[in-house]
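Engineer: Provided herewith: input.tsv, TSV, C-alpha atoms and all ligand atoms.
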chain	number	residue	atom	x	y	z
A	1	MET	CA	-21.95	50.66	162.89
A	2	THR	CA	-19.14	48.44	164.14
A	3	PHE	CA	-15.66	49.56	163.19
A	4	ASP	CA	-13.31	46.81	162.09
A	5	THR	CA	-10.04	47.92	163.67
A	6	ARG	CA	-7.98	45.18	162.02
A	7	ALA	CA	-9.31	46.11	158.57
A	8	PHE	CA	-8.64	49.79	159.35
A	9	ARG	CA	-5.07	48.99	160.33
A	10	ASN	CA	-4.56	46.97	157.15
A	11	ALA	CA	-5.98	49.83	155.05
A	12	LEU	CA	-3.57	52.28	156.70
A	13	GLY	CA	-0.76	49.91	155.70
A	14	SER	CA	-1.58	50.71	152.06
A	15	PHE	CA	0.18	54.03	152.60
A	16	PRO	CA	3.86	53.40	151.77
A	17	THR	CA	6.20	55.13	154.21
A	18	GLY	CA	9.86	55.44	155.05
A	19	VAL	CA	11.19	54.04	158.31
A	20	ALA	CA	12.96	55.93	161.09
A	21	VAL	CA	14.59	55.04	164.38
A	22	ILE	CA	14.10	57.58	167.15
A	23	THR	CA	16.74	57.56	169.89
A	24	THR	CA	16.75	59.25	173.26
A	25	SER	CA	19.11	59.21	176.23
A	26	ALA	CA	18.00	57.78	179.56
A	27	SER	CA	21.42	58.85	180.91
A	28	ALA	CA	24.80	59.92	179.46
A	29	GLU	CA	25.73	56.28	178.77
A	30	HIS	CA	22.32	54.68	178.32
A	31	HIS	CA	20.45	55.34	175.09
A	32	LEU	CA	17.32	53.68	173.77
A	33	GLY	CA	15.59	53.51	170.41
A	34	ILE	CA	12.31	52.71	168.72
A	35	THR	CA	11.37	51.96	165.11
A	36	VAL	CA	8.61	54.19	163.70
A	37	ASN	CA	6.96	54.89	160.38
A	38	SER	CA	4.73	57.73	161.64
A	39	PHE	CA	7.47	60.34	161.21
A	40	THR	CA	6.48	63.31	159.05
A	41	SER	CA	7.34	66.94	158.46
A	42	VAL	CA	5.13	69.65	160.00
A	43	SER	CA	6.56	73.16	159.62
A	44	LEU	CA	9.53	74.85	157.93
A	45	GLU	CA	9.49	78.03	160.08
A	46	PRO	CA	9.85	77.11	162.83
A	47	PRO	CA	11.34	73.75	161.77
A	48	LEU	CA	8.99	71.14	163.26
A	49	VAL	CA	8.51	67.41	162.70
A	50	LEU	CA	6.21	64.90	164.34
A	51	TRP	CA	5.89	61.22	165.09
A	52	CYS	CA	3.29	59.18	166.95
A	53	MET	CA	3.81	56.87	169.88
A	54	ASP	CA	1.60	54.03	171.06
A	55	LYS	CA	0.53	54.55	174.69
A	56	LYS	CA	0.92	50.80	175.24
A	57	SER	CA	4.63	50.91	174.44
A	58	ASP	CA	6.86	50.31	177.44
A	59	ARG	CA	9.07	53.08	175.93
A	60	TYR	CA	6.17	55.55	176.22
A	61	GLN	CA	7.30	57.33	179.40
A	62	ALA	CA	10.92	57.55	178.29
A	63	PHE	CA	10.06	59.22	174.98
A	64	THR	CA	7.16	61.43	176.03
A	65	LYS	CA	9.20	62.79	178.98
A	66	ALA	CA	12.41	63.18	176.95
A	67	THR	CA	13.70	66.72	176.42
A	68	SER	CA	15.45	65.73	173.19
A	69	TYR	CA	15.57	62.92	170.65
A	70	THR	CA	17.26	62.16	167.37
A	71	VAL	CA	15.48	60.90	164.25
A	72	SER	CA	17.51	58.67	161.90
A	73	ILE	CA	15.94	57.95	158.52
A	74	LEU	CA	16.87	54.40	157.62
A	75	GLY	CA	18.48	53.00	154.51
A	76	THR	CA	17.93	49.48	153.21
A	77	GLU	CA	21.02	48.23	155.07
A	78	HIS	CA	19.29	49.13	158.37
A	79	GLN	CA	16.46	46.60	157.97
A	80	GLU	CA	17.84	44.29	160.66
A	81	VAL	CA	18.24	47.19	163.12
A	82	SER	CA	14.70	48.30	162.30
A	83	SER	CA	13.30	44.83	163.07
A	84	ARG	CA	15.32	44.61	166.28
A	85	LEU	CA	14.11	47.99	167.63
A	86	ALA	CA	10.50	47.08	166.74
A	87	LYS	CA	10.56	44.02	169.02
A	88	GLN	CA	8.65	44.35	172.23
A	89	GLY	CA	11.00	45.19	175.10
A	90	SER	CA	14.02	45.53	172.78
A	91	HIS	CA	15.13	49.10	173.39
A	92	SER	CA	18.89	48.87	173.78
A	93	LEU	CA	21.26	50.27	171.16
A	94	ASP	CA	24.12	47.98	172.28
A	95	GLY	CA	25.95	46.56	169.27
A	96	ILE	CA	24.31	48.97	166.80
A	97	ALA	CA	26.68	51.24	164.84
A	98	LEU	CA	26.02	54.77	166.12
A	99	ALA	CA	27.31	58.27	165.47
A	100	PRO	CA	27.47	60.96	168.20
A	101	THR	CA	25.34	64.10	167.90
A	102	ALA	CA	25.84	67.56	169.39
A	103	LEU	CA	22.43	67.32	171.09
A	104	GLY	CA	23.11	64.00	172.85
A	105	PRO	CA	20.99	61.09	171.64
A	106	PRO	CA	23.14	59.31	169.00
A	107	SER	CA	22.09	58.78	165.41
A	108	LEU	CA	22.41	55.51	163.52
A	109	GLN	CA	25.59	55.42	161.50
A	110	ASP	CA	25.01	55.98	157.76
A	111	ALA	CA	21.40	57.06	158.29
A	112	HIS	CA	19.83	58.48	155.14
A	113	ALA	CA	19.10	61.72	157.00
A	114	VAL	CA	19.34	62.79	160.65
A	115	PHE	CA	17.20	65.30	162.54
A	116	GLU	CA	18.27	66.34	166.04
A	117	CYS	CA	15.16	67.52	167.90
A	118	GLU	CA	14.28	69.30	171.10
A	119	ALA	CA	10.91	68.16	172.43
A	120	GLU	CA	8.39	70.89	171.55
A	121	ALA	CA	5.03	69.36	172.55
A	122	VAL	CA	3.21	66.11	173.26
A	123	HIS	CA	-0.45	65.95	172.20
A	124	ASP	CA	-2.92	63.34	173.33
A	125	ALA	CA	-4.47	61.50	170.35
A	126	GLY	CA	-6.59	58.45	171.14
A	127	ASP	CA	-4.43	55.41	171.87
A	128	HIS	CA	-1.33	57.29	170.69
A	129	ALA	CA	0.46	60.55	171.53
A	130	ILE	CA	1.72	62.95	168.88
A	131	LEU	CA	5.26	64.10	169.64
A	132	ILE	CA	6.29	67.37	168.01
A	133	GLY	CA	10.02	68.00	167.76
A	134	ARG	CA	11.84	71.23	166.96
A	135	VAL	CA	14.75	70.47	164.65
A	136	VAL	CA	17.95	72.12	165.87
A	137	ARG	CA	20.35	70.39	163.46
A	138	PHE	CA	20.05	68.07	160.50
A	139	SER	CA	22.23	66.28	157.97
A	140	ARG	CA	21.84	64.18	154.84
A	141	HIS	CA	23.86	61.17	153.66
A	142	GLU	CA	21.97	59.88	150.69
A	143	GLU	CA	24.41	57.47	149.09
A	144	ASN	CA	22.25	54.56	150.23
A	145	ALA	CA	18.68	53.67	149.21
A	146	PRO	CA	15.93	54.53	151.73
A	147	LEU	CA	14.12	51.71	153.54
A	148	VAL	CA	10.40	51.57	152.71
A	149	TYR	CA	7.51	49.99	154.65
A	150	TYR	CA	4.33	48.95	152.85
A	151	ARG	CA	1.55	46.54	153.85
A	152	GLY	CA	3.57	45.18	156.75
A	153	ARG	CA	6.70	44.48	154.69
A	154	TYR	CA	10.02	46.13	154.10
A	155	GLY	CA	11.07	47.11	150.61
A	156	SER	CA	13.07	49.68	148.70
A	157	LEU	CA	12.36	52.23	146.03
A	158	SER	CA	12.86	50.98	142.50
A	159	GLN	CA	14.60	53.75	140.60
A	160	GLY	CA	12.83	54.41	137.33
B	201	LIG	C1	7.92	49.54	160.41
B	201	LIG	C2	7.41	49.78	161.81
B	201	LIG	C3	6.90	51.02	162.14
B	201	LIG	C4	6.43	51.31	163.43
B	201	LIG	N1	5.95	52.54	163.71
B	201	LIG	C5	5.57	52.84	164.97
B	201	LIG	C6	5.15	54.17	165.28
B	201	LIG	O1	5.10	55.06	164.43
B	201	LIG	N2	4.79	54.43	166.57
B	201	LIG	C7	4.82	53.46	167.55
B	201	LIG	O2	4.48	53.75	168.70
B	201	LIG	N3	5.22	52.19	167.27
B	201	LIG	C8	5.61	51.87	166.01
B	201	LIG	N4	6.04	50.60	165.72
B	201	LIG	C9	6.09	49.60	166.81
B	201	LIG	C10	7.32	49.79	167.72
B	201	LIG	O3	8.52	49.77	166.94
B	201	LIG	C11	7.41	48.67	168.79
B	201	LIG	O4	7.24	47.45	168.19
B	201	LIG	C12	6.36	48.83	169.86
B	201	LIG	O5	6.64	50.03	170.55
B	201	LIG	C13	6.27	47.65	170.86
B	201	LIG	O6	7.39	47.52	171.69
B	201	LIG	P1	7.50	48.17	173.21
B	201	LIG	O7	6.23	47.94	173.94
B	201	LIG	O8	8.69	47.42	173.81
B	201	LIG	O9	7.80	49.63	173.01
B	201	LIG	C14	6.48	50.29	164.42
B	201	LIG	C15	7.00	49.04	164.08
B	201	LIG	C16	7.46	48.77	162.80
B	201	LIG	C17	8.02	47.41	162.46
Take the structure in the file and give it back as structure tokens.
Ligand SMILES: Cc1cc2nc3c(=O)[nH]c(=O)nc-3n(C[C@H](O)[C@H](O)[C@H](O)COP(=O)(O)O)c2cc1C

Structural biologist:
Amino acid sequence: MTFDTRAFRNALGSFPTGVAVITTSASAEHHLGITVNSFTSVSLEPPLVLWCMDKKSDRYQAFTKATSYTVSILGTEHQEVSSRLAKQGSHSLDGIALAPTALGPPSLQDAHAVFECEAEAVHDAGDHAILIGRVVRFSRHEENAPLVYYRGRYGSLSQG
């Protein structure tokens, strides 16, 4: 049986998700970020989260070798930042409103929630790697509406 990868990808897009930006620090002054929707919770005790990274990404080495990273859950006002950090080769956080973290990699200012993570494990998984992070600090700022991604488009939650 032939497997239609494009159709598979489109079917996976039927799962509505939130959107996060993961940041890590290449040096004290140089930080980089990537837009992901594969973020999910894993464990409460110990506190673990995961996200998946495409092996083809030119950010692959930087993130899989990182000792720490920060997950910022995006609000609807972050849509432009999300699109920018999803562009191929566009890793720089220059000009993006950031907030410092105790761990190092900055969070996005006014993120819906922030999880500061120490790298726990990297698991090989086909054309992606699964990155497990141990959450050492977190915060919530939920005044804004979360950004949603569904079938290749951004949206927001309609409050019932
Ligand atoms: C909404 C959205 C979610 C994404 N989620 C992921 C993801 O979970 N993992 C991943 O590796 N790339 C994800 N991407 C793609 C990356 O953001 C980026 O486009 C890709 O890494 C290619 O750029 P690069 O080669 O410069 O890293 C996502 C893109 C968008 C727009």

Engineer: When you draw a straight line from CA of Ala26 in chain A to CA of Cys52 in chain A, how long is it in Å?

Structural biologist: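 Taking CA of Ala26 in chain A and CA of Cys52 in chain A, their separation equals 19.4 Å.
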
Engineer: Please build the interface table for chain A against ligand LIG 201 (chain B) with a cut-off of 6 Å, listing for each qualifying residue the nearest atom pair and the distance in Å to one decimal; count only C-alpha atoms and all ligand atoms, order rows by chain and increasing number, and write it as JSON lines.

Structural biologist:
{"residue": "A:Val19", "atom": "CA", "partner": "B:LIG201", "partner_atom": "C1", "distance": 5.9}
{"residue": "A:Ile34", "atom": "CA", "partner": "B:LIG201", "partner_atom": "O3", "distance": 5.1}
{"residue": "A:Thr35", "atom": "CA", "partner": "B:LIG201", "partner_atom": "O3", "distance": 4.0}
{"residue": "A:Val36", "atom": "CA", "partner": "B:LIG201", "partner_atom": "N1", "distance": 3.1}
{"residue": "A:Asn37", "atom": "CA", "partner": "B:LIG201", "partner_atom": "N1", "distance": 4.2}
{"residue": "A:Ser38", "atom": "CA", "partner": "B:LIG201", "partner_atom": "O1", "distance": 3.9}
{"residue": "A:Cys52", "atom": "CA", "partner": "B:LIG201", "partner_atom": "N2", "distance": 5.0}
{"residue": "A:Met53", "atom": "CA", "partner": "B:LIG201", "partner_atom": "O2", "distance": 3.4}
{"residue": "A:Asp54", "atom": "CA", "partner": "B:LIG201", "partner_atom": "O2", "distance": 3.7}
{"residue": "A:Ser57", "atom": "CA", "partner": "B:LIG201", "partner_atom": "O7", "distance": 3.4}
{"residue": "A:Asp58", "atom": "CA", "partner": "B:LIG201", "partner_atom": "O7", "distance": 4.3}
{"residue": "A:Arg59", "atom": "CA", "partner": "B:LIG201", "partner_atom": "O9", "distance": 4.7}
{"residue": "A:Ser83", "atom": "CA", "partner": "B:LIG201", "partner_atom": "C17", "distance": 5.9}
{"residue": "A:Leu85", "atom": "CA", "partner": "B:LIG201", "partner_atom": "O3", "distance": 5.9}
{"residue": "A:Ala86", "atom": "CA", "partner": "B:LIG201", "partner_atom": "O3", "distance": 3.3}
{"residue": "A:Lys87", "atom": "CA", "partner": "B:LIG201", "partner_atom": "O4", "distance": 4.8}
{"residue": "A:Gln88", "atom": "CA", "partner": "B:LIG201", "partner_atom": "O8", "distance": 3.5}
{"residue": "A:Gly89", "atom": "CA", "partner": "B:LIG201", "partner_atom": "O8", "distance": 3.5}
{"residue": "A:Ser90", "atom": "CA", "partner": "B:LIG201", "partner_atom": "O8", "distance": 5.7}
{"residue": "A:Tyr149", "atom": "CA", "partner": "B:LIG201", "partner_atom": "C1", "distance": 5.8}

Engineer: Residues at most 7 Å from range 115-131 of chain A, counting only C-alpha atoms, excluding those fewer than 5 positions away in the same chain, as a list in words?

Structural biologist: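 The filter keeps Leu50, Trp51, Cys52, Met53, Asp54, Lys55, Thr64, Ala66, Thr67, Ser68, Tyr69, Thr70, Val71, Ser72, Leu103, Val136, Arg137, Phe138 and Ser139 of chain A.
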
Engineer: Please report as a Markdown table every residue of range 54-97 of chain A lying within 12 Å of range 152-155 of chain A, along with the nearest atom pair and their distance in Å (one decimal), using all atoms listed in the file.

Structural biologist:
| residue | atom | partner | partner_atom | distance |
| --- | --- | --- | --- | --- |
| A:Leu74 | CA | A:Tyr154 | CA | 11.3 |
| A:Gly75 | CA | A:Gly155 | CA | 10.2 |
| A:Thr76 | CA | A:Gly155 | CA | 7.7 |
| A:Glu77 | CA | A:Gly155 | CA | 11.0 |
| A:His78 | CA | A:Tyr154 | CA | 10.6 |
| A:Gln79 | CA | A:Tyr154 | CA | 7.5 |
| A:Glu80 | CA | A:Tyr154 | CA | 10.4 |
| A:Ser82 | CA | A:Tyr154 | CA | 9.7 |
| A:Ser83 | CA | A:Tyr154 | CA | 9.6 |

Engineer: Can you spit out the residues from that selection as a PDB file, in the frame of the given file, using C-alpha atoms?

Structural biologist:
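For reference, again.pdb as written:
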ATOM      1  CA  LEU A  74      16.870  54.400 157.620  1.00  0.00           C
ATOM      2  CA  GLY A  75      18.480  53.000 154.510  1.00  0.00           C
ATOM      3  CA  THR A  76      17.930  49.480 153.210  1.00  0.00           C
ATOM      4  CA  GLU A  77      21.020  48.230 155.070  1.00  0.00           C
ATOM      5  CA  HIS A  78      19.290  49.130 158.370  1.00  0.00           C
ATOM      6  CA  GLN A  79      16.460  46.600 157.970  1.00  0.00           C
ATOM      7  CA  GLU A  80      17.840  44.290 160.660  1.00  0.00           C
ATOM      8  CA  SER A  82      14.700  48.300 162.300  1.00  0.00           C
ATOM      9  CA  SER A  83      13.300  44.830 163.070  1.00  0.00           C
TER      10      SER A  83
END

Engineer: Rank nothing, just name the residue among A:Gln109, A:Ala99, A:Leu93, A:Glu142 nearest to His30 in chain A, using all atoms listed in the file.

Structural biologist: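 Once distances to His30 in chain A are computed over all atoms listed in the file, the minimum belongs to A:Leu93.
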
Engineer: Please, what distance in Å, to one decimal, runs between CA of Lys65 in chain A and CA of Ala20 in chain A?

Structural biologist: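 Interatomic distance, CA of Lys65 in chain A to CA of Ala20 in chain A: 19.5 Å.
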
Engineer: To one decimal place in Å, what is the distance between CA of Tyr150 in chain A and CA of Phe8 in chain A?

Structural biologist: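 Calculated distance between CA of Tyr150 in chain A and CA of Phe8 in chain A is 14.5 Å.
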
Engineer: Closest to Leu48 in chain A among A:Arg9, A:His91, A:Arg134, A:Arg151, using only C-alpha atoms?

Structural biologist: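 Distance minimum relative to Leu48 in chain A lands on A:Arg134.
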
Engineer: Would you please work out which residue, of A:Leu157, A:Ile73, A:Val42, A:Val81, is nearest to His141 in chain A when using all atoms listed in the file?

Structural biologist: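 So, comparing all the options, the nearest one is A:Ile73.
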
Engineer: Which residue is closest to Thr17 in chain A? Choose from A:Val148, A:Phe39, A:Ser158, A:Val114 and count only C-alpha atoms.

Structural biologist: A:Val148

Engineer: For Ala113 in chain A, which residue out of A:Leu98, A:Arg140, A:Gly133, A:Asn10 is the nearest one, using all atoms listed in the file?

Structural biologist: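 Between A:Leu98, A:Arg140, A:Gly133, A:Asn10, the residue approaching Ala113 in chain A most closely is A:Arg140.
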
Engineer: When you look at Ser92 in chain A with a cut-off of 8 Å (counting only C-alpha atoms), what residues show up, excluding the ones that are within fewer than 5 positions of it in the same chain? I need them as a list in words.

Structural biologist: His31, Leu32, Gly33 and Leu85 of chain A
